[in-house]
file model.cif (mmCIF, C-alpha atoms)
data_query
#
loop_
_atom_site.label_atom_id
_atom_site.label_comp_id
_atom_site.auth_asym_id
_atom_site.auth_seq_id
_atom_site.Cartn_x
_atom_site.Cartn_y
_atom_site.Cartn_z
CA MET A 1 95.44 87.86 114.18
CA ALA A 2 99.03 87.04 113.23
CA VAL A 3 101.03 87.97 110.14
CA VAL A 4 104.16 86.59 108.50
CA VAL A 5 106.75 89.37 108.56
CA ARG A 6 109.92 87.55 107.45
CA TYR A 7 111.56 84.16 106.90
CA ASP A 8 114.45 82.82 108.95
CA GLU A 9 117.70 81.51 107.46
CA ARG A 10 116.06 78.13 106.83
CA GLY A 11 113.10 79.65 105.05
CA ASN A 12 110.66 79.19 107.90
CA PRO A 13 108.01 81.92 108.26
CA ILE A 14 108.25 84.20 111.30
CA THR A 15 104.96 85.65 112.49
CA ARG A 16 104.08 88.70 114.57
CA SER A 17 100.91 89.81 116.25
CA LEU A 18 99.73 92.79 118.22
CA SER A 19 99.03 90.40 121.04
CA GLY A 20 102.76 89.79 121.35
CA ILE A 21 104.04 86.39 122.41
CA GLY A 22 101.90 83.31 122.64
CA ILE A 23 100.54 83.19 119.09
CA SER A 24 98.22 80.20 118.80
CA GLU A 25 98.54 77.53 116.13
CA ALA A 26 95.20 78.60 114.68
CA GLU A 27 96.48 82.17 114.31
CA LYS A 28 99.67 80.91 112.69
CA GLU A 29 97.69 78.86 110.18
CA LYS A 30 95.73 81.96 109.19
CA ALA A 31 98.98 83.91 108.87
CA TYR A 32 100.39 81.21 106.58
CA GLU A 33 97.18 81.31 104.54
CA LEU A 34 97.50 85.08 104.10
CA ASP A 35 101.16 84.66 103.17
CA ASN A 36 100.26 82.10 100.48
CA ILE A 37 97.50 84.31 99.08
CA LEU A 38 99.92 87.24 98.79
CA ARG A 39 102.49 85.01 97.11
CA GLU A 40 100.07 83.69 94.49
CA LYS A 41 98.24 86.96 93.83
CA LEU A 42 101.45 88.94 93.44
CA LYS A 43 102.91 86.26 91.18
CA GLY A 44 99.81 86.67 89.04
CA LEU A 45 100.28 90.44 89.09
CA THR A 46 103.68 90.08 87.42
CA LYS A 47 102.07 88.21 84.52
CA LYS A 48 99.37 90.86 84.23
CA LEU A 49 101.86 93.72 84.13
CA ILE A 50 103.86 91.94 81.44
CA SER A 51 100.72 91.40 79.35
CA LEU A 52 99.79 95.08 79.74
CA GLY A 53 103.33 96.18 78.95
CA ILE A 54 103.61 98.29 82.08
CA VAL A 55 106.41 96.59 84.02
CA PRO A 56 108.37 99.54 85.47
CA LYS A 57 111.88 99.94 84.14
CA LYS A 58 114.81 101.53 85.90
CA GLY A 59 114.61 105.28 85.43
CA SER A 60 110.96 105.28 84.40
CA LYS A 61 109.43 108.64 85.32
CA ASN A 62 105.81 107.55 85.48
CA LYS A 63 105.00 104.28 87.20
CA VAL A 64 101.50 105.15 88.35
CA GLU A 65 99.62 102.43 86.48
CA ALA A 66 101.87 99.62 87.70
CA TYR A 67 101.79 100.90 91.27
CA TRP A 68 98.01 101.28 91.10
CA GLU A 69 97.72 97.64 89.99
CA LEU A 70 99.90 96.57 92.93
CA GLY A 71 97.82 98.59 95.34
CA SER A 72 94.63 97.14 93.89
CA VAL A 73 95.79 93.58 94.60
CA LEU A 74 96.84 94.52 98.14
CA ARG A 75 93.49 96.20 98.82
CA GLU A 76 91.52 93.24 97.53
CA ILE A 77 93.37 90.85 99.83
CA PHE A 78 93.24 93.22 102.79
CA PHE A 79 89.51 93.89 102.60
CA GLU A 80 88.24 90.55 101.34
CA SER A 81 90.40 87.79 102.82
CA GLU A 82 89.27 88.37 106.44
CA LEU A 83 92.80 87.34 107.46
CA ILE A 84 94.09 90.75 108.54
CA ILE A 85 92.79 93.51 110.79
CA PRO A 86 93.34 97.26 110.24
CA ALA A 87 95.40 97.58 113.42
CA GLU A 88 98.01 95.22 111.95
CA LYS A 89 98.52 97.12 108.71
CA SER A 90 102.19 97.71 109.49
CA PHE A 91 102.71 93.93 109.61
CA TYR A 92 100.75 93.55 106.39
CA TRP A 93 103.20 95.86 104.60
CA LEU A 94 106.08 93.65 105.75
CA ASN A 95 104.32 90.51 104.55
CA ALA A 96 103.47 92.07 101.19
CA LYS A 97 107.06 93.17 100.62
CA LEU A 98 108.20 89.55 100.85
CA HIS A 99 106.31 88.73 97.66
CA THR A 100 106.11 92.00 95.74
CA PRO A 101 108.06 91.87 92.44
CA LYS A 102 111.33 93.75 92.83
CA GLU A 103 110.39 95.98 89.88
CA LEU A 104 107.54 97.36 91.99
CA LEU A 105 109.55 98.03 95.12
CA THR A 106 111.48 101.12 96.10
CA LYS A 107 113.15 102.21 99.31
CA ASP A 108 110.94 103.58 102.06
CA ARG A 109 111.96 107.07 103.14
CA GLY A 110 110.71 106.92 106.71
CA PRO A 111 108.48 105.03 109.17
CA HIS A 112 105.38 106.76 107.80
CA ARG A 113 106.57 107.08 104.21
CA ILE A 114 106.16 103.49 103.12
CA HIS A 115 106.11 102.74 99.41
CA ILE A 116 103.77 99.73 99.68
CA ALA A 117 101.36 101.78 101.80
CA TYR A 118 101.36 104.56 99.20
CA CYS A 119 100.50 102.06 96.43
CA PHE A 120 97.68 100.73 98.62
CA ARG A 121 96.39 104.26 99.15
CA LEU A 122 96.72 105.15 95.47
CA ALA A 123 94.47 102.23 94.50
CA GLY A 124 91.73 103.72 96.65
CA TYR A 125 91.28 106.18 93.77
CA PRO A 126 89.58 105.12 90.54
CA LYS A 127 92.31 104.17 88.06
CA LYS A 128 91.40 106.88 85.55
CA ILE A 129 91.74 109.48 88.31
CA ALA A 130 95.03 108.05 89.62
CA LEU A 131 96.57 108.29 86.15
CA LYS A 132 96.05 112.06 86.05
CA ARG A 133 99.13 112.57 88.24
CA LYS A 134 102.72 111.44 87.94
CA TRP A 135 104.06 109.19 90.69
CA SER A 136 106.35 111.94 91.97
CA GLU A 137 103.29 114.14 92.53
CA TRP A 138 101.47 111.40 94.42
CA VAL A 139 104.51 110.83 96.64
CA TYR A 140 104.88 114.56 97.31
CA LEU A 141 101.24 114.74 98.35
CA PHE A 142 101.22 111.61 100.53
CA ASP A 143 104.43 112.78 102.22
CA ARG A 144 102.81 115.94 103.56
CA LYS A 145 102.33 115.83 107.33
CA SER A 146 98.77 117.15 107.08
CA ILE A 147 97.85 114.41 104.59
CA ASN A 148 100.07 111.44 105.41
CA LYS A 149 97.94 110.05 108.26
CA GLU A 150 94.58 111.48 107.22
CA PRO A 151 92.71 109.11 104.85
CA ARG A 152 89.71 111.45 104.68
CA PHE A 153 91.79 113.75 102.50
CA ASP A 154 91.53 111.28 99.63
CA ARG A 155 87.80 111.73 99.14
CA TRP A 156 88.15 115.51 98.90
CA ASP A 157 91.22 115.16 96.70
CA ARG A 158 89.67 112.89 94.09
CA THR A 159 86.53 115.04 93.88
CA LYS A 160 88.70 118.11 93.34
CA MET A 161 90.64 116.29 90.63
CA GLU A 162 87.41 115.55 88.79
CA VAL A 163 85.87 119.01 88.90
CA GLU A 164 88.72 121.53 88.82
CA SER A 165 91.40 121.33 86.14
CA ALA A 166 93.60 123.94 87.87
CA TYR A 167 94.01 121.52 90.77
CA LEU A 168 95.88 119.11 88.49
CA ASN A 169 98.60 121.67 87.85
CA ARG A 170 101.82 120.57 89.58
CA LYS A 171 102.72 124.07 90.81
CA ASN A 172 99.20 124.68 92.15
CA LEU A 173 99.10 121.31 93.91
CA ARG A 174 102.42 121.81 95.65
CA PHE A 175 101.58 125.31 96.80
CA PHE A 176 98.18 124.16 98.05
CA SER A 177 99.75 121.39 100.12
CA GLN A 178 102.22 123.87 101.64
CA CYS A 179 99.37 126.18 102.66
CA LEU A 180 97.46 123.23 104.09
CA ASN A 181 100.46 122.07 106.10
CA SER A 182 100.75 125.51 107.67
CA MET A 183 97.04 125.69 108.45
CA LEU A 184 96.96 122.29 110.15
CA LYS A 185 100.44 122.48 111.70
CA ASP A 186 99.33 122.19 115.34
CA ILE A 187 95.93 120.60 114.77
CA GLU A 188 95.13 116.92 115.29
CA THR A 189 92.96 116.27 112.27
CA LYS A 190 91.49 113.16 113.89
CA ASP A 191 89.71 115.56 116.27
CA LEU A 192 87.97 117.33 113.38
CA SER A 193 84.66 116.28 111.87
CA ASP A 194 84.43 115.56 108.14
CA ASP A 195 82.82 118.96 107.49
CA GLU A 196 85.43 120.83 109.55
CA LEU A 197 88.22 119.11 107.68
CA VAL A 198 86.67 119.83 104.29
CA ARG A 199 86.42 123.53 105.18
CA CYS A 200 90.14 123.53 105.94
CA TYR A 201 90.92 121.88 102.60
CA ASP A 202 88.71 124.36 100.77
CA GLY A 203 90.33 127.24 102.65
CA ALA A 204 93.85 126.09 101.77
CA TRP A 205 92.88 125.75 98.13
CA SER A 206 91.18 129.16 97.98
CA LEU A 207 94.17 130.78 99.65
CA SER A 208 96.73 129.12 97.39
CA ILE A 209 94.91 130.14 94.21
CA LYS A 210 94.36 133.73 95.39
CA LEU A 211 98.03 134.12 96.31
CA LEU A 212 99.20 132.59 93.03
CA GLN A 213 97.01 135.05 91.15
CA ASN A 214 98.18 138.11 93.06
CA PHE A 215 101.82 137.52 93.99
CA HIS A 216 105.08 136.25 92.55
CA ILE A 217 105.67 133.14 94.64
CA THR A 218 109.32 132.90 95.64
CA THR A 219 110.94 130.70 98.26
CA LYS A 220 111.16 133.72 100.56
CA PHE A 221 107.48 134.50 99.99
CA LYS A 222 106.52 130.91 100.84
CA SER A 223 108.31 131.32 104.17
CA THR A 224 106.38 134.52 104.78
CA ILE A 225 103.09 132.78 104.03
CA THR A 226 103.90 129.95 106.41
CA ARG A 227 104.75 132.42 109.17
CA LYS A 228 101.62 134.50 108.57
CA ILE A 229 99.30 131.48 108.62
CA ILE A 230 100.83 130.24 111.86
CA GLU A 231 100.55 133.73 113.39
CA LYS A 232 96.91 134.00 112.36
CA GLN A 233 95.78 130.56 113.52
CA LYS A 234 92.65 132.16 114.99
CA TYR A 235 91.32 132.44 111.44
CA VAL A 236 91.89 128.73 110.88
CA GLY A 237 89.84 128.19 114.03
CA GLU A 238 87.11 130.36 112.57
CA ILE A 239 87.03 128.25 109.41
CA ILE A 240 86.72 125.13 111.54
CA GLU A 241 83.88 126.72 113.52
CA SER A 242 82.30 127.97 110.26
CA SER A 243 82.43 131.57 111.51
CA ILE A 244 84.05 132.49 108.21
CA THR A 245 83.93 130.78 104.83
CA PRO A 246 87.00 129.35 103.07
CA ASP A 247 86.89 132.25 100.59
CA GLN A 248 86.70 134.80 103.41
CA PHE A 249 89.71 133.15 105.04
CA ALA A 250 91.61 133.43 101.75
CA ASP A 251 90.73 137.14 101.45
CA ILE A 252 91.78 137.88 105.04
CA MET A 253 95.14 136.10 104.68
CA THR A 254 95.84 137.67 101.28
CA ASN A 255 95.28 141.12 102.74
CA GLU A 256 97.83 140.27 105.46
CA MET A 257 100.59 139.78 102.87
#
call {"tool": "encode", "arguments": {"input": "model.cif", "output": "structure tokens"}}
result
Amino acid sequence: MAVVVRYDERGNPITRSLSGIGISEAEKEKAYELDNILREKLKGLTKKLISLGIVPKKGSKNKVEAYWELGSVLREIFFESELIIPAEKSFYWLNAKLHTPKELLTKDRGPHRIHIAYCFRLAGYPKKIALKRKWSEWVYLFDRKSINKEPRFDRWDRTKMEVESAYLNRKNLRFFSQCLNSMLKDIETKDLSDDELVRCYDGAWSLSIKLLQNFHITTKFKSTITRKIIEKQKYVGEIIESSITPDQFADIMTNEM
């Protein structure tokens, strides 16, 4: 496959492909087709946002609905057009940016912290669930190293959002993600099974809640927690192996404080 990633000074589309040089005319035609679809669909999105009255304004604190709508369009094209392959997602983001309304764009903060990609990921959640968090909370979560490249987190996350109101609390969410980062610091999550990963998520949540209930959480205490979790990585291994339950892990680590 090939994807349009920019236009030259004359307005001609420039394509890229994982195959490198030697892009065939047939591949270019498909890239131009994808480019046109993005142009038209995103032009239509602008009209929809205006009709809904949710065009983001400068300084708006909560842009979740507009960003979800953007992500929804991008997901529809990505999964249904048959003009892009998963391995070329990074090119797809570049193509999408060419046609995304400027009101829906913001500066990327790193090679793996891409605004368009976050909108795409957000729209993987049902809209009513996505709206339960502010955009700043979504960004904070997606920025976490243990979550950023692990799409399986999203299934656990949206289930937790539906069944546990305490999980929607900003303070609880941030502390949970910090505990999770420490637990998975040196672990390649792609090597874990779905069940092993879920046990880690459950363990991080149980630990965060138990600590919040029993301690005054200061910046210094957070550093202590991080250090303790890293020192006691054998217990994380035991969660993964199912030798201990997530609640037992939380009890053990709390007693270490």
call {"tool": "atom_distance", "arguments": {"input": "model.cif", "atom1": "CA of Glu80 in chain A", "atom2": "CA of Phe120 in chain A"}}
result
14.1 Å
call {"tool": "resolve_selection", "arguments": {"input": "model.cif", "expression": "the PyMOL selection byres ((chain A and resi 123-138) around 7)", "output": "PyMOL selection string"}}
result
chain A and resi 62-65+68+71-72+119-122+139-142+158
call {"tool": "resolve_selection", "arguments": {"input": "model.cif", "expression": "the PyMOL selection byres ((chain A and resi 166-181) around 6)", "output": "PyMOL selection string"}}
result
chain A and resi 146+164-165+182-185+204-205+208
call {"tool": "resolve_selection", "arguments": {"input": "model.cif", "expression": "the PyMOL selection byres ((chain A and resi 211) around 12)", "output": "number ranges by chain"}}
result
A: 172, 175-176, 179, 204-210, 212-218, 221-222, 224-225, 250-257
call {"tool": "residues_around", "arguments": {"input": "model.cif", "residues": "His99 in chain A", "least_positions_apart": "3", "cutoff": "8 Å", "atoms": "all atoms listed in the file", "output": "PDB file with C-alpha atoms, keeping the file's coordinate frame"}}
result
ATOM      1  CA  LEU A  38      99.920  87.240  98.790  1.00  0.00           C
ATOM      2  CA  ARG A  39     102.490  85.010  97.110  1.00  0.00           C
ATOM      3  CA  LEU A  42     101.450  88.940  93.440  1.00  0.00           C
ATOM      4  CA  LYS A  43     102.910  86.260  91.180  1.00  0.00           C
ATOM      5  CA  ASN A  95     104.320  90.510 104.550  1.00  0.00           C
ATOM      6  CA  ALA A  96     103.470  92.070 101.190  1.00  0.00           C
TER       7      ALA A  96
END
call {"tool": "residues_around", "arguments": {"input": "model.cif", "residues": "range 193-195 of chain A", "least_positions_apart": "5", "cutoff": "10 Å", "atoms": "all atoms listed in the file", "output": "list in words"}}
result
Arg152, Phe153, Trp156, Cys200, Tyr201, Ile240, Glu241 and Ser242 of chain A
call {"tool": "write_last_selection", "arguments": {"input": "model.cif", "atoms": "C-alpha atoms", "output": "mmCIF file, keeping the file's coordinate frame"}}
result
data_model
loop_
_atom_site.group_PDB
_atom_site.id
_atom_site.type_symbol
_atom_site.label_atom_id
_atom_site.label_comp_id
_atom_site.auth_asym_id
_atom_site.auth_seq_id
_atom_site.Cartn_x
_atom_site.Cartn_y
_atom_site.Cartn_z
ATOM 1 C CA ARG A 152 89.710 111.450 104.680
ATOM 2 C CA PHE A 153 91.790 113.750 102.500
ATOM 3 C CA TRP A 156 88.150 115.510 98.900
ATOM 4 C CA CYS A 200 90.140 123.530 105.940
ATOM 5 C CA TYR A 201 90.920 121.880 102.600
ATOM 6 C CA ILE A 240 86.720 125.130 111.540
ATOM 7 C CA GLU A 241 83.880 126.720 113.520
ATOM 8 C CA SER A 242 82.300 127.970 110.260
#
call {"tool": "residues_around", "arguments": {"input": "model.cif", "residues": "Lys107 in chain A", "least_positions_apart": "5", "cutoff": "12 Å", "atoms": "all atoms listed in the file", "output": "number ranges by chain"}}
result
A: 97, 102, 113-116
call {"tool": "atom_distance", "arguments": {"input": "model.cif", "atom1": "CA of Leu18 in chain A", "atom2": "CA of Tyr32 in chain A"}}
result
16.4 Å
call {"tool": "atom_distance", "arguments": {"input": "model.cif", "atom1": "CA of Val4 in chain A", "atom2": "CA of Arg16 in chain A"}}
result
6.4 Å
call {"tool": "residues_around", "arguments": {"input": "model.cif", "residues": "Lys149 in chain A", "least_positions_apart": "5", "cutoff": "9 Å", "atoms": "only C-alpha atoms", "output": "PyMOL selection string"}}
result
chain A and resi 112+142+144+189
call {"tool": "closest_residue", "arguments": {"input": "model.cif", "among": "A:Lys234, A:Gln248, A:Ile21, A:Ala31", "to": "Ile85 in chain A", "atoms": "all atoms listed in the file"}}
result
A:Ala31
call {"tool": "residues_around", "arguments": {"input": "model.cif", "residues": "range 90-94 of chain A", "least_positions_apart": "4", "cutoff": "9 Å", "atoms": "all atoms listed in the file", "output": "list in words"}}
result
Ala2, Val3, Val4, Val5, Arg6, Arg16, Ser17, Phe78, Ile84, Pro86, Leu98, Ile114, Ile116 and Ala117 of chain A
call {"tool": "closest_residue", "arguments": {"input": "model.cif", "among": "A:Leu104, A:Ile147, A:Leu192, A:Met1", "to": "Lys58 in chain A", "atoms": "only C-alpha atoms"}}
result
A:Leu104
call {"tool": "decode", "arguments": {"input": "model.cif", "residues": "range 7-134 of chain A", "atoms": "C-alpha atoms", "output": "mmCIF file, in the first residue's frame"}}
result
data_model
loop_
_atom_site.group_PDB
_atom_site.id
_atom_site.type_symbol
_atom_site.label_atom_id
_atom_site.label_comp_id
_atom_site.auth_asym_id
_atom_site.auth_seq_id
_atom_site.Cartn_x
_atom_site.Cartn_y
_atom_site.Cartn_z
ATOM 1 C CA TYR A 7 1.938 17.935 -1.000
ATOM 2 C CA ASP A 8 4.862 19.561 -2.774
ATOM 3 C CA GLU A 9 5.113 23.292 -3.510
ATOM 4 C CA ARG A 10 2.970 22.824 -6.625
ATOM 5 C CA GLY A 11 0.264 20.976 -4.762
ATOM 6 C CA ASN A 12 1.165 17.545 -6.083
ATOM 7 C CA PRO A 13 0.633 14.647 -3.642
ATOM 8 C CA ILE A 14 3.735 12.901 -2.305
ATOM 9 C CA THR A 15 3.265 9.271 -1.350
ATOM 10 C CA ARG A 16 5.150 6.929 0.967
ATOM 11 C CA SER A 17 5.052 3.207 1.460
ATOM 12 C CA LEU A 18 6.680 0.681 3.731
ATOM 13 C CA SER A 19 8.072 -0.919 0.628
ATOM 14 C CA GLY A 20 10.192 2.177 0.066
ATOM 15 C CA ILE A 21 10.998 3.311 -3.455
ATOM 16 C CA GLY A 22 9.350 1.933 -6.540
ATOM 17 C CA ILE A 23 5.706 2.622 -5.693
ATOM 18 C CA SER A 24 3.560 1.335 -8.557
ATOM 19 C CA GLU A 25 0.976 3.436 -10.358
ATOM 20 C CA ALA A 26 -1.766 1.176 -9.024
ATOM 21 C CA GLU A 27 -0.594 1.819 -5.460
ATOM 22 C CA LYS A 28 -0.470 5.550 -6.117
ATOM 23 C CA GLU A 29 -4.025 5.521 -7.435
ATOM 24 C CA LYS A 30 -5.206 3.825 -4.244
ATOM 25 C CA ALA A 31 -3.286 6.385 -2.185
ATOM 26 C CA TYR A 32 -4.989 9.215 -4.092
ATOM 27 C CA GLU A 33 -8.347 7.533 -3.521
ATOM 28 C CA LEU A 34 -7.705 7.359 0.226
ATOM 29 C CA ASP A 35 -6.591 10.990 0.202
ATOM 30 C CA ASN A 36 -9.820 12.051 -1.526
ATOM 31 C CA ILE A 37 -11.957 10.057 0.901
ATOM 32 C CA LEU A 38 -10.251 11.721 3.865
ATOM 33 C CA ARG A 39 -10.721 15.142 2.280
ATOM 34 C CA GLU A 40 -14.442 14.662 1.678
ATOM 35 C CA LYS A 41 -15.249 12.888 4.942
ATOM 36 C CA LEU A 42 -13.405 15.439 7.046
ATOM 37 C CA LYS A 43 -15.041 18.292 5.161
ATOM 38 C CA GLY A 44 -18.362 16.699 6.053
ATOM 39 C CA LEU A 45 -17.234 16.406 9.671
ATOM 40 C CA THR A 46 -16.841 20.181 9.896
ATOM 41 C CA LYS A 47 -20.482 20.631 8.872
ATOM 42 C CA LYS A 48 -21.587 18.040 11.413
ATOM 43 C CA LEU A 49 -19.692 19.685 14.262
ATOM 44 C CA ILE A 50 -21.206 23.053 13.370
ATOM 45 C CA SER A 51 -24.713 21.564 13.345
ATOM 46 C CA LEU A 52 -24.083 19.934 16.736
ATOM 47 C CA GLY A 53 -22.582 23.127 18.119
ATOM 48 C CA ILE A 54 -19.414 21.400 19.272
ATOM 49 C CA VAL A 55 -16.706 23.066 17.183
ATOM 50 C CA PRO A 56 -13.822 23.458 19.670
ATOM 51 C CA LYS A 57 -12.926 27.026 20.531
ATOM 52 C CA LYS A 58 -9.560 28.312 21.657
ATOM 53 C CA GLY A 59 -9.224 27.721 25.379
ATOM 54 C CA SER A 60 -12.024 25.173 25.555
ATOM 55 C CA LYS A 61 -11.370 22.823 28.470
ATOM 56 C CA ASN A 62 -13.422 19.888 27.276
ATOM 57 C CA LYS A 63 -13.182 18.899 23.622
ATOM 58 C CA VAL A 64 -13.935 15.215 24.025
ATOM 59 C CA GLU A 65 -17.074 15.061 21.883
ATOM 60 C CA ALA A 66 -15.484 16.829 18.914
ATOM 61 C CA TYR A 67 -12.340 14.718 19.142
ATOM 62 C CA TRP A 68 -14.435 11.558 19.435
ATOM 63 C CA GLU A 69 -16.291 12.518 16.243
ATOM 64 C CA LEU A 70 -12.964 13.048 14.467
ATOM 65 C CA GLY A 71 -11.676 9.705 15.660
ATOM 66 C CA SER A 72 -14.889 8.018 14.579
ATOM 67 C CA VAL A 73 -14.473 9.263 10.995
ATOM 68 C CA LEU A 74 -10.831 8.175 10.937
ATOM 69 C CA ARG A 75 -11.708 4.710 12.260
ATOM 70 C CA GLU A 76 -14.468 4.237 9.721
ATOM 71 C CA ILE A 77 -12.130 5.042 6.836
ATOM 72 C CA PHE A 78 -9.265 3.006 8.270
ATOM 73 C CA PHE A 79 -11.285 -0.159 8.860
ATOM 74 C CA GLU A 80 -13.732 0.001 5.970
ATOM 75 C CA SER A 81 -11.969 1.553 2.966
ATOM 76 C CA GLU A 82 -9.503 -1.343 2.476
ATOM 77 C CA LEU A 83 -7.009 1.291 1.308
ATOM 78 C CA ILE A 84 -4.680 1.223 4.319
ATOM 79 C CA ILE A 85 -2.936 -1.503 6.291
ATOM 80 C CA PRO A 86 -2.258 -1.418 10.060
ATOM 81 C CA ALA A 87 1.499 -1.361 9.542
ATOM 82 C CA GLU A 88 1.194 2.002 7.772
ATOM 83 C CA LYS A 89 -0.750 3.752 10.520
ATOM 84 C CA SER A 90 1.987 6.344 10.981
ATOM 85 C CA PHE A 91 1.536 7.384 7.330
ATOM 86 C CA TYR A 92 -2.225 7.441 7.816
ATOM 87 C CA TRP A 93 -1.854 10.007 10.608
ATOM 88 C CA LEU A 94 0.140 12.235 8.257
ATOM 89 C CA ASN A 95 -2.473 11.913 5.526
ATOM 90 C CA ALA A 96 -5.323 12.638 7.940
ATOM 91 C CA LYS A 97 -3.607 15.761 9.266
ATOM 92 C CA LEU A 98 -3.607 17.239 5.764
ATOM 93 C CA HIS A 99 -7.394 17.421 5.812
ATOM 94 C CA THR A 100 -8.343 17.648 9.485
ATOM 95 C CA PRO A 101 -10.004 20.995 10.347
ATOM 96 C CA LYS A 102 -7.521 23.220 12.142
ATOM 97 C CA GLU A 103 -9.929 23.538 15.080
ATOM 98 C CA LEU A 104 -9.449 19.819 15.726
ATOM 99 C CA LEU A 105 -5.669 19.796 15.548
ATOM 100 C CA THR A 106 -3.155 20.383 18.299
ATOM 101 C CA LYS A 107 0.596 19.965 18.493
ATOM 102 C CA ASP A 108 1.951 16.454 18.969
ATOM 103 C CA ARG A 109 4.152 16.154 22.038
ATOM 104 C CA GLY A 110 6.342 13.305 20.858
ATOM 105 C CA PRO A 111 6.726 10.510 18.289
ATOM 106 C CA HIS A 112 4.321 8.290 20.232
ATOM 107 C CA ARG A 113 2.116 11.068 21.588
ATOM 108 C CA ILE A 114 0.217 11.911 18.439
ATOM 109 C CA HIS A 115 -2.995 13.889 18.758
ATOM 110 C CA ILE A 116 -4.690 12.311 15.717
ATOM 111 C CA ALA A 117 -3.821 8.837 17.015
ATOM 112 C CA TYR A 118 -5.321 9.675 20.413
ATOM 113 C CA CYS A 119 -8.582 10.800 18.762
ATOM 114 C CA PHE A 120 -8.613 7.548 16.784
ATOM 115 C CA ARG A 121 -8.098 5.570 19.985
ATOM 116 C CA LEU A 122 -10.718 7.564 21.881
ATOM 117 C CA ALA A 123 -13.357 6.677 19.281
ATOM 118 C CA GLY A 124 -12.757 3.004 20.025
ATOM 119 C CA TYR A 125 -14.795 3.665 23.178
ATOM 120 C CA PRO A 126 -18.581 4.064 23.019
ATOM 121 C CA LYS A 127 -19.334 7.794 22.883
ATOM 122 C CA LYS A 128 -21.267 7.826 26.162
ATOM 123 C CA ILE A 129 -18.265 6.254 27.890
ATOM 124 C CA ALA A 130 -15.750 8.604 26.254
ATOM 125 C CA LEU A 131 -17.684 11.631 27.507
ATOM 126 C CA LYS A 132 -17.215 10.580 31.132
ATOM 127 C CA ARG A 133 -13.667 11.969 31.108
ATOM 128 C CA LYS A 134 -12.223 15.342 30.218
#
